[in-house]
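What's in protein27.cif: mmCIF, C-alpha atoms
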```cif
data_target
loop_
_atom_site.label_atom_id
_atom_site.label_comp_id
_atom_site.auth_asym_id
_atom_site.auth_seq_id
_atom_site.Cartn_x
_atom_site.Cartn_y
_atom_site.Cartn_z
CA MET A 1 -78.50 -4.38 -98.95
CA LYS A 2 -80.23 -4.85 -95.61
CA ASN A 3 -83.88 -5.81 -95.51
CA PRO A 4 -85.48 -3.68 -92.75
CA GLN A 5 -88.17 -6.31 -92.16
CA ALA A 6 -85.55 -8.98 -91.67
CA GLU A 7 -83.49 -7.00 -89.20
CA GLU A 8 -83.63 -8.27 -85.66
CA LYS A 9 -85.52 -5.93 -83.36
CA ARG A 10 -83.75 -5.09 -80.15
CA VAL A 11 -84.99 -3.51 -76.96
CA LEU A 12 -82.45 -2.26 -74.47
CA VAL A 13 -83.42 -2.42 -70.84
CA TYR A 14 -80.87 -1.35 -68.29
CA GLU A 15 -81.25 -2.32 -64.68
CA HIS A 16 -79.03 -1.63 -61.72
CA VAL A 17 -78.20 -5.16 -60.59
CA GLY A 18 -75.40 -4.35 -58.16
CA ASN A 19 -72.71 -5.96 -60.30
CA PRO A 20 -71.31 -3.73 -63.07
CA THR A 21 -70.15 -6.76 -65.05
CA ASN A 22 -73.42 -8.68 -64.86
CA THR A 23 -75.15 -8.74 -68.24
CA ASP A 24 -77.80 -11.31 -69.16
CA GLU A 25 -79.21 -11.83 -72.63
CA ILE A 26 -82.74 -13.19 -72.90
CA SER A 27 -84.44 -13.92 -76.23
CA LEU A 28 -88.23 -13.94 -76.46
CA ASN A 29 -90.48 -13.80 -79.54
CA GLY A 30 -87.68 -12.55 -81.76
CA LEU A 31 -86.77 -9.69 -79.40
CA THR A 32 -83.44 -9.56 -77.59
CA ILE A 33 -83.34 -7.93 -74.20
CA TYR A 34 -80.08 -6.85 -72.69
CA LEU A 35 -80.11 -6.39 -68.93
CA ALA A 36 -77.11 -4.31 -67.95
CA SER A 37 -76.01 -2.22 -65.02
CA THR A 38 -75.89 1.13 -66.79
CA PHE A 39 -78.39 2.81 -64.49
CA SER A 40 -77.38 6.34 -65.38
CA PHE A 41 -77.99 5.67 -69.08
CA VAL A 42 -81.62 4.77 -68.45
CA LEU A 43 -82.16 7.89 -66.40
CA ALA A 44 -80.80 9.96 -69.23
CA GLN A 45 -83.00 8.19 -71.78
CA LEU A 46 -86.13 8.68 -69.68
CA GLN A 47 -85.95 12.44 -69.20
CA GLY A 48 -83.04 13.62 -71.27
CA VAL A 49 -79.34 14.03 -70.56
CA GLY A 50 -78.65 16.29 -67.60
CA THR A 51 -82.17 16.03 -66.15
CA ARG A 52 -83.25 14.21 -63.03
CA ALA A 53 -85.48 11.14 -63.42
CA GLU A 54 -87.71 9.85 -60.65
CA PRO A 55 -87.53 6.11 -59.77
CA ASN A 56 -91.19 5.58 -60.67
CA ASN A 57 -90.43 6.64 -64.24
CA LEU A 58 -87.86 3.85 -64.45
CA THR A 59 -90.43 1.38 -63.17
CA LYS A 60 -92.94 2.58 -65.76
CA TYR A 61 -90.30 2.24 -68.48
CA ARG A 62 -89.56 -1.35 -67.52
CA THR A 63 -93.27 -2.19 -67.36
CA ASP A 64 -94.01 -0.65 -70.75
CA VAL A 65 -91.17 -2.61 -72.38
CA ARG A 66 -92.29 -5.88 -70.83
CA ARG A 67 -95.84 -5.30 -72.01
CA MET A 68 -94.60 -4.50 -75.49
CA ILE A 69 -92.79 -7.81 -75.80
CA GLY A 70 -95.41 -9.84 -73.95
CA ARG A 71 -93.11 -10.47 -71.00
CA GLU A 72 -95.16 -9.00 -68.18
CA GLU A 73 -95.60 -11.88 -65.78
CA HIS A 74 -98.62 -12.49 -63.57
CA ALA A 75 -97.55 -14.09 -60.33
CA PRO A 76 -100.25 -16.48 -59.13
CA THR A 77 -101.97 -15.17 -56.03
CA CYS A 78 -104.20 -18.16 -55.23
CA VAL A 79 -105.65 -21.45 -56.40
CA LYS A 80 -109.42 -21.72 -56.79
CA ARG A 81 -111.41 -24.91 -57.17
CA VAL A 82 -114.10 -24.61 -59.84
CA LEU A 83 -116.76 -27.31 -60.08
CA ILE A 84 -118.82 -27.92 -63.20
CA THR A 85 -121.64 -30.42 -62.88
CA GLY A 86 -122.76 -32.04 -66.10
CA GLY A 87 -119.05 -31.95 -66.90
CA ALA A 88 -119.33 -34.29 -69.89
CA GLY A 89 -122.13 -32.27 -71.48
CA GLN A 90 -122.14 -29.81 -74.36
CA ILE A 91 -122.44 -26.62 -72.28
CA ALA A 92 -119.49 -27.65 -70.11
CA TYR A 93 -117.49 -28.39 -73.25
CA ALA A 94 -118.30 -24.92 -74.62
CA LEU A 95 -117.57 -23.25 -71.27
CA LEU A 96 -114.18 -24.78 -70.53
CA PRO A 97 -112.20 -22.75 -73.11
CA HIS A 98 -113.38 -19.56 -71.39
CA LEU A 99 -112.27 -20.83 -67.98
CA ILE A 100 -108.91 -22.35 -68.87
CA SER A 101 -107.84 -19.31 -70.89
CA GLY A 102 -107.82 -17.21 -67.72
CA ARG A 103 -110.38 -14.78 -69.12
CA VAL A 104 -113.04 -15.42 -66.48
CA PHE A 105 -111.13 -15.28 -63.19
CA GLY A 106 -108.02 -13.50 -64.44
CA PRO A 107 -104.46 -14.61 -65.25
CA GLN A 108 -103.31 -14.46 -61.62
CA VAL A 109 -105.80 -17.07 -60.40
CA ARG A 110 -104.82 -20.71 -60.82
CA LEU A 111 -107.64 -23.21 -61.27
CA MET A 112 -108.23 -26.73 -60.07
CA VAL A 113 -111.08 -27.88 -62.32
CA HIS A 114 -113.61 -30.37 -60.91
CA LEU A 115 -115.86 -32.13 -63.44
CA LEU A 116 -118.84 -34.12 -62.17
CA ASP A 117 -121.30 -36.21 -64.14
CA ILE A 118 -123.47 -39.29 -63.71
CA ASP A 119 -122.40 -42.94 -63.70
CA GLY A 120 -121.57 -44.16 -67.19
CA THR A 121 -119.87 -40.93 -68.28
CA GLU A 122 -116.42 -41.81 -66.94
CA ASN A 123 -114.86 -42.25 -70.38
CA ALA A 124 -116.34 -39.00 -71.66
CA LEU A 125 -115.04 -37.16 -68.59
CA ARG A 126 -111.61 -38.66 -69.13
CA GLY A 127 -111.67 -37.43 -72.72
CA VAL A 128 -112.49 -33.90 -71.57
CA GLN A 129 -109.66 -34.09 -69.03
CA MET A 130 -107.19 -35.08 -71.74
CA GLU A 131 -108.29 -32.14 -73.87
CA ILE A 132 -107.79 -29.72 -70.98
CA GLU A 133 -104.31 -31.12 -70.46
CA ASP A 134 -103.54 -30.88 -74.17
CA ALA A 135 -104.67 -27.24 -74.24
CA ALA A 136 -101.59 -26.25 -72.17
CA SER A 137 -103.64 -23.77 -70.16
CA PRO A 138 -101.67 -21.02 -68.39
CA VAL A 139 -103.95 -21.17 -65.34
CA VAL A 140 -105.01 -24.81 -64.81
CA VAL A 141 -103.02 -26.66 -62.14
CA GLY A 142 -105.09 -29.85 -62.16
CA VAL A 143 -108.29 -31.60 -63.20
CA VAL A 144 -110.55 -33.81 -61.09
CA THR A 145 -113.09 -35.99 -62.93
CA THR A 146 -115.57 -37.98 -60.89
CA THR A 147 -119.09 -39.31 -60.50
CA ASP A 148 -118.84 -39.07 -56.69
CA LEU A 149 -120.53 -36.08 -55.04
CA ARG A 150 -118.10 -35.92 -52.12
CA VAL A 151 -115.04 -35.84 -54.37
CA ALA A 152 -116.62 -33.30 -56.69
CA PHE A 153 -117.85 -30.81 -54.08
CA THR A 154 -115.06 -30.92 -51.49
CA ASP A 155 -113.59 -27.44 -50.86
CA VAL A 156 -114.88 -25.95 -54.13
CA ASP A 157 -114.83 -22.15 -54.35
CA TYR A 158 -117.15 -21.90 -57.37
CA ALA A 159 -119.93 -24.30 -58.34
CA ILE A 160 -121.46 -24.05 -61.80
CA LEU A 161 -124.49 -26.33 -61.72
CA LEU A 162 -125.16 -27.37 -65.29
CA GLY A 163 -126.23 -30.91 -64.47
CA GLY A 164 -129.88 -31.67 -65.04
CA PHE A 165 -132.32 -33.44 -67.30
CA PRO A 166 -131.90 -31.98 -70.80
CA ARG A 167 -134.62 -29.94 -72.39
CA LEU A 168 -136.11 -31.79 -75.35
CA PRO A 169 -137.87 -30.32 -78.42
CA GLY A 170 -141.35 -29.10 -77.51
CA MET A 171 -140.61 -29.21 -73.78
CA GLU A 172 -141.29 -26.13 -71.66
CA ARG A 173 -138.96 -25.31 -68.80
CA LYS A 174 -141.73 -25.90 -66.28
CA GLU A 175 -141.84 -29.53 -67.42
CA LEU A 176 -138.24 -29.90 -66.34
CA LEU A 177 -138.98 -28.91 -62.76
CA ALA A 178 -140.12 -32.30 -61.48
CA LYS A 179 -137.16 -34.04 -63.14
CA ASN A 180 -134.52 -31.60 -61.95
CA VAL A 181 -135.64 -30.91 -58.39
CA GLU A 182 -134.19 -34.24 -57.25
CA ILE A 183 -130.85 -33.49 -58.92
CA ILE A 184 -130.52 -29.97 -57.52
CA THR A 185 -131.48 -31.19 -54.05
CA MET A 186 -128.63 -33.72 -54.07
CA HIS A 187 -126.17 -31.12 -55.32
CA ALA A 188 -127.28 -28.56 -52.74
CA ALA A 189 -126.86 -31.11 -49.95
CA ALA A 190 -123.32 -31.79 -51.17
CA LEU A 191 -122.59 -28.06 -51.26
CA ASP A 192 -123.84 -27.73 -47.71
CA GLU A 193 -121.65 -30.57 -46.46
CA TYR A 194 -118.44 -30.39 -48.49
CA ALA A 195 -117.95 -27.03 -50.23
CA SER A 196 -116.01 -23.99 -49.06
CA ARG A 197 -118.07 -21.81 -46.74
CA ALA A 198 -117.56 -18.93 -49.19
CA VAL A 199 -118.51 -20.91 -52.30
CA LYS A 200 -120.23 -18.95 -55.09
CA VAL A 201 -123.00 -20.97 -56.75
CA LEU A 202 -124.43 -20.41 -60.23
CA VAL A 203 -127.46 -22.50 -61.19
CA VAL A 204 -127.82 -23.01 -64.94
CA ALA A 205 -129.98 -26.16 -65.11
CA ASN A 206 -133.59 -25.22 -65.82
CA PRO A 207 -135.86 -23.84 -64.54
CA ALA A 208 -132.85 -21.95 -63.21
CA ASN A 209 -134.56 -19.39 -60.97
CA THR A 210 -136.67 -21.97 -59.17
CA LEU A 211 -133.79 -24.42 -58.82
CA ALA A 212 -131.56 -21.66 -57.42
CA LEU A 213 -134.15 -20.98 -54.73
CA ILE A 214 -134.33 -24.68 -53.88
CA ALA A 215 -130.54 -24.92 -53.72
CA LYS A 216 -130.32 -21.90 -51.43
CA LYS A 217 -132.92 -23.34 -49.06
CA ARG A 218 -131.33 -26.79 -49.02
CA ALA A 219 -127.78 -25.51 -48.46
CA ALA A 220 -128.88 -23.43 -45.49
CA SER A 221 -125.41 -23.16 -43.91
CA LEU A 222 -124.10 -21.16 -46.88
CA PRO A 223 -124.68 -17.40 -47.36
CA ALA A 224 -127.88 -16.81 -49.30
CA GLU A 225 -126.25 -14.01 -51.31
CA ASN A 226 -123.78 -16.51 -52.77
CA PHE A 227 -126.49 -18.16 -54.90
CA SER A 228 -127.45 -16.89 -58.34
CA CYS A 229 -128.98 -18.22 -61.54
CA LEU A 230 -128.22 -17.62 -65.19
CA THR A 231 -130.42 -14.82 -66.50
CA ARG A 232 -127.44 -13.29 -68.28
CA LEU A 233 -128.21 -15.33 -71.40
CA ASP A 234 -131.62 -13.65 -71.80
CA HIS A 235 -130.01 -10.29 -71.03
CA ASP A 236 -127.41 -10.74 -73.76
CA ARG A 237 -129.99 -12.03 -76.23
CA LEU A 238 -131.98 -8.85 -75.69
CA ARG A 239 -128.91 -6.67 -76.25
CA GLY A 240 -128.04 -8.54 -79.43
CA MET A 241 -131.53 -8.26 -80.89
CA ILE A 242 -131.72 -4.53 -80.18
CA ALA A 243 -128.31 -3.99 -81.76
CA LYS A 244 -129.32 -5.95 -84.85
CA LYS A 245 -132.52 -3.93 -85.22
CA ILE A 246 -130.81 -0.56 -84.85
CA ASP A 247 -128.10 -1.63 -87.27
CA SER A 248 -130.79 -2.44 -89.85
CA LEU A 249 -132.06 1.15 -89.62
CA LYS A 250 -128.73 2.42 -91.07
CA ILE A 251 -128.48 5.41 -88.76
CA PRO A 252 -125.79 7.87 -89.97
CA ASP A 253 -124.39 8.41 -86.45
CA ALA A 254 -123.64 4.70 -86.11
CA HIS A 255 -120.36 4.96 -88.07
CA GLY A 256 -120.37 1.25 -88.88
CA ALA A 257 -122.13 -1.85 -87.62
CA VAL A 258 -123.95 -1.60 -84.29
CA THR A 259 -123.02 -4.43 -81.93
CA ALA A 260 -124.39 -5.74 -78.65
CA MET A 261 -121.47 -4.10 -76.83
CA GLN A 262 -123.01 -0.74 -77.73
CA VAL A 263 -126.28 -1.53 -75.93
CA ARG A 264 -126.78 -1.16 -72.18
CA ASN A 265 -129.45 -0.86 -69.47
CA VAL A 266 -131.71 -3.67 -70.65
CA ILE A 267 -133.64 -5.62 -68.01
CA ILE A 268 -135.07 -9.13 -67.78
CA TRP A 269 -138.00 -9.37 -65.37
CA GLY A 270 -139.21 -12.71 -64.04
CA ASN A 271 -138.10 -16.29 -64.43
CA HIS A 272 -135.81 -17.73 -67.08
CA SER A 273 -138.72 -19.10 -69.10
CA SER A 274 -141.34 -18.14 -71.66
CA THR A 275 -143.05 -16.06 -68.95
CA GLN A 276 -140.13 -13.64 -68.62
CA VAL A 277 -140.62 -9.97 -69.51
CA PRO A 278 -137.67 -8.43 -71.38
CA SER A 279 -137.63 -4.64 -71.10
CA ALA A 280 -135.88 -2.04 -73.24
CA ALA A 281 -137.63 0.90 -71.58
CA LYS A 282 -134.36 2.26 -70.15
CA ALA A 283 -132.06 0.83 -72.81
CA GLN A 284 -129.42 3.00 -74.44
CA VAL A 285 -127.20 2.57 -77.47
CA ARG A 286 -123.84 4.23 -78.03
CA LEU A 287 -123.80 6.17 -81.30
CA GLY A 288 -121.32 8.80 -82.36
CA GLY A 289 -119.56 8.72 -79.00
CA ARG A 290 -122.67 9.31 -76.88
CA TRP A 291 -125.35 7.17 -75.24
CA VAL A 292 -128.77 7.61 -76.83
CA PRO A 293 -132.06 6.16 -75.47
CA VAL A 294 -133.27 3.34 -77.69
CA LEU A 295 -136.79 4.76 -77.51
CA ASP A 296 -135.53 7.93 -79.20
CA ILE A 297 -134.14 5.90 -82.10
CA ILE A 298 -136.99 3.46 -82.61
CA GLY A 299 -139.74 5.47 -84.30
CA ASP A 300 -143.48 4.97 -84.07
CA GLU A 301 -143.38 2.48 -86.93
CA GLU A 302 -141.03 0.25 -84.94
CA ALA A 303 -142.77 0.68 -81.58
CA VAL A 304 -144.82 -2.48 -82.09
CA TRP A 305 -141.63 -4.45 -82.66
CA LEU A 306 -140.02 -3.03 -79.52
CA HIS A 307 -142.94 -3.68 -77.18
CA ASP A 308 -144.43 -6.85 -78.65
CA GLU A 309 -142.32 -8.72 -81.18
CA LEU A 310 -139.04 -8.22 -79.33
CA VAL A 311 -140.50 -9.58 -76.09
CA THR A 312 -141.76 -12.71 -77.84
CA GLN A 313 -138.48 -13.21 -79.68
CA VAL A 314 -136.46 -13.19 -76.46
CA GLN A 315 -138.97 -15.42 -74.67
CA GLN A 316 -138.92 -18.03 -77.45
CA ARG A 317 -135.27 -17.79 -78.50
CA GLY A 318 -134.20 -20.89 -76.61
CA ALA A 319 -137.00 -22.97 -78.12
CA GLU A 320 -136.15 -21.60 -81.57
CA ILE A 321 -132.51 -22.65 -81.24
CA LEU A 322 -133.55 -26.04 -79.90
CA ALA A 323 -135.81 -26.61 -82.90
CA ALA A 324 -133.05 -25.61 -85.31
CA ARG A 325 -130.12 -27.48 -83.72
CA LYS A 326 -132.04 -30.32 -82.05
CA LEU A 327 -129.88 -29.35 -79.08
CA SER A 328 -130.24 -26.61 -76.49
CA SER A 329 -128.15 -23.43 -76.51
CA ALA A 330 -124.55 -24.23 -75.61
CA LEU A 331 -122.23 -21.67 -77.18
CA SER A 332 -124.29 -18.66 -76.07
CA ALA A 333 -124.98 -20.19 -72.65
CA ALA A 334 -121.25 -20.71 -72.09
CA GLN A 335 -120.53 -17.13 -73.10
CA ALA A 336 -123.23 -15.90 -70.72
CA ILE A 337 -121.77 -17.94 -67.83
CA ALA A 338 -118.34 -16.45 -68.49
CA ASN A 339 -119.82 -12.94 -68.59
CA HIS A 340 -121.79 -13.61 -65.40
CA PHE A 341 -118.63 -14.36 -63.42
CA LYS A 342 -116.33 -11.89 -65.17
CA ASP A 343 -118.59 -8.84 -64.89
#
```

Rewritten as structure tokens:
Amino acid sequence: MKNPQAEEKRVLVYEHVGNPTNTDEISLNGLTIYLASTFSFVLAQLQGVGTRAEPNNLTKYRTDVRRMIGREEHAPTCVKRVLITGGAGQIAYALLPHLISGRVFGPQVRLMVHLLDIDGTENALRGVQMEIEDAASPVVVGVVTTTDLRVAFTDVDYAILLGGFPRLPGMERKELLAKNVEIITMHAAALDEYASRAVKVLVVANPANTLALIAKKRAASLPAENFSCLTRLDHDRLRGMIAKKIDSLKIPDAHGAVTAMQVRNVIIWGNHSSTQVPSAAKAQVRLGGRWVPVLDIIGDEEAVWLHDELVTQVQQRGAEILAARKLSSALSAAQAIANHFKD
């Protein structure tokens, strides 16, 4: 007796290949594809025997089958050089899986990854390079590890500036400014001299907003609009906290757990520091298939939380994580960087 689960699944795809005797068999993921020259059969299968099928239907049929078996191929359209400073650090280590998976820039973009760090980190950089190679990334075509600014910045299309003095427990971001101005000035000068003229720059080292301004001024030959800083982390923290609060209210229309993906239109005003002003005034949450203003859900009893406690929680979240881990935010920062570029 045949076991239906053990039977080999087969998908028949017929293509007109110009040679009626040309049949190729390709096996992939347990599926067998037969490519044959029975063009009329496919037309009949698409719209029924005796009916006329348009060529675009055949194309759609082929595409649907390839998607079903995971065979749709993404031809590379370009190679982009992506620089990460502080390449041996914990945020870079958390960010790299996002980049080398193809999720950030898409599966059609091939990446040449540049990793820069300070003297003395050569072995650590080499270890990261080996891990990238071992990951068998579908998009990475090469890895450059260096402590030399010229090598690191030459022709880069994206520069993610993580490198800076680390924030220590009890240290405010403003205390980092004096230490990190020198670093960002050197990196901006290298961008100005060596990078692609269309390079997109994301400053993550803190205080990010101020350092982004310094970098933009120092790399004066590059378009000012190509510089940005990472406020997305605060933005996503705010979304997550609102979602958690609404979920705790057990609203019937929620139909399950409320997640950050169901929250939109939050705003972070000001610098990436304890002086920022998170705002949920225009925030909405998706419940029961419709977007509802958060202010309509949060009652008077929760208004204090929304306008006071929530603001403080977002402002102090980084310090809270630092106190708990004895290390600054890495996982969430990496996710925010990926979202910043992807969205």

Determine the residue membership of the PyMOL selection byres ((chain A and resi 114-128) around 7) for the file above and supply it as an MDAnalysis selection string.
chainID A and resid 81:88 112:113 129:132 143:147 152

On this structure, the PyMOL selection byres ((chain A and resi 239-255) around 9) would catch which residues? List them as a PyMOL selection string, sorted by chain and number.
chain A and resi 234-238+256-266+280+283+285-289+294+297-298+306+310+313-314

Do you have the atom CA of A:Cys229-atom CA of A:Val204 distance handy?
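Value for the atom CA of A:Cys229-atom CA of A:Val204 distance: 6.0 Å.
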
Between A:Val156, A:Leu162, A:Met171, A:Ala334, which is the closest to A:Ser274 once you count all atoms listed in the file?
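Nearest candidate to A:Ser274 out of A:Val156, A:Leu162, A:Met171, A:Ala334: A:Met171.
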
Output the residue selection produced by the PyMOL selection byres ((chain A and resi 198) around 12) on the file above, formatted as a ChimeraX atom specification.
/A:80-81,155-159,191-192,194-197,199-201,221-227

In Å, how far is it from atom CA of A:Leu327 to atom CA of A:Ala205?
14.3 Å

Of the listed residues A:Arg317, A:His272, A:Lys179, A:Arg232, that which approaches A:Ile337 most closely, counting all atoms listed in the file:
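Nearest to A:Ile337: A:Arg232.
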
Give the answer as one residue: which of A:Ser328, A:Gln276, A:Gln335, A:Asn180 has the shortest atom-to-atom distance to A:His98, using only C-alpha atoms?
A:Gln335

Could you state the separation of atom CA of A:Leu95 and atom CA of A:Val79 in Å, given to one decimal place?
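Separation between atom CA of A:Leu95 and atom CA of A:Val79: 19.1 Å.
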
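For A:Ser137, the set of protein, DNA and RNA residues having any atom at most 9 Å away, when counting all atoms listed in the file and skipping those fewer than 6 positions along the same chain, is Ile100, Ser101 and Gly102 of chain A.
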
Kindly indicate which residue among A:Leu322, A:Ala303, A:Leu295, A:Pro97 lies nearest to A:Asp134, using all atoms listed in the file for the distances.
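Of A:Leu322, A:Ala303, A:Leu295, A:Pro97, the one nearest A:Asp134 is A:Pro97, counting all atoms listed in the file.
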
Rank nothing, just name the residue among A:Thr185, A:Ser329, A:Gln315, A:Asn339 nearest to A:Ser279, using all atoms listed in the file.
A:Gln315
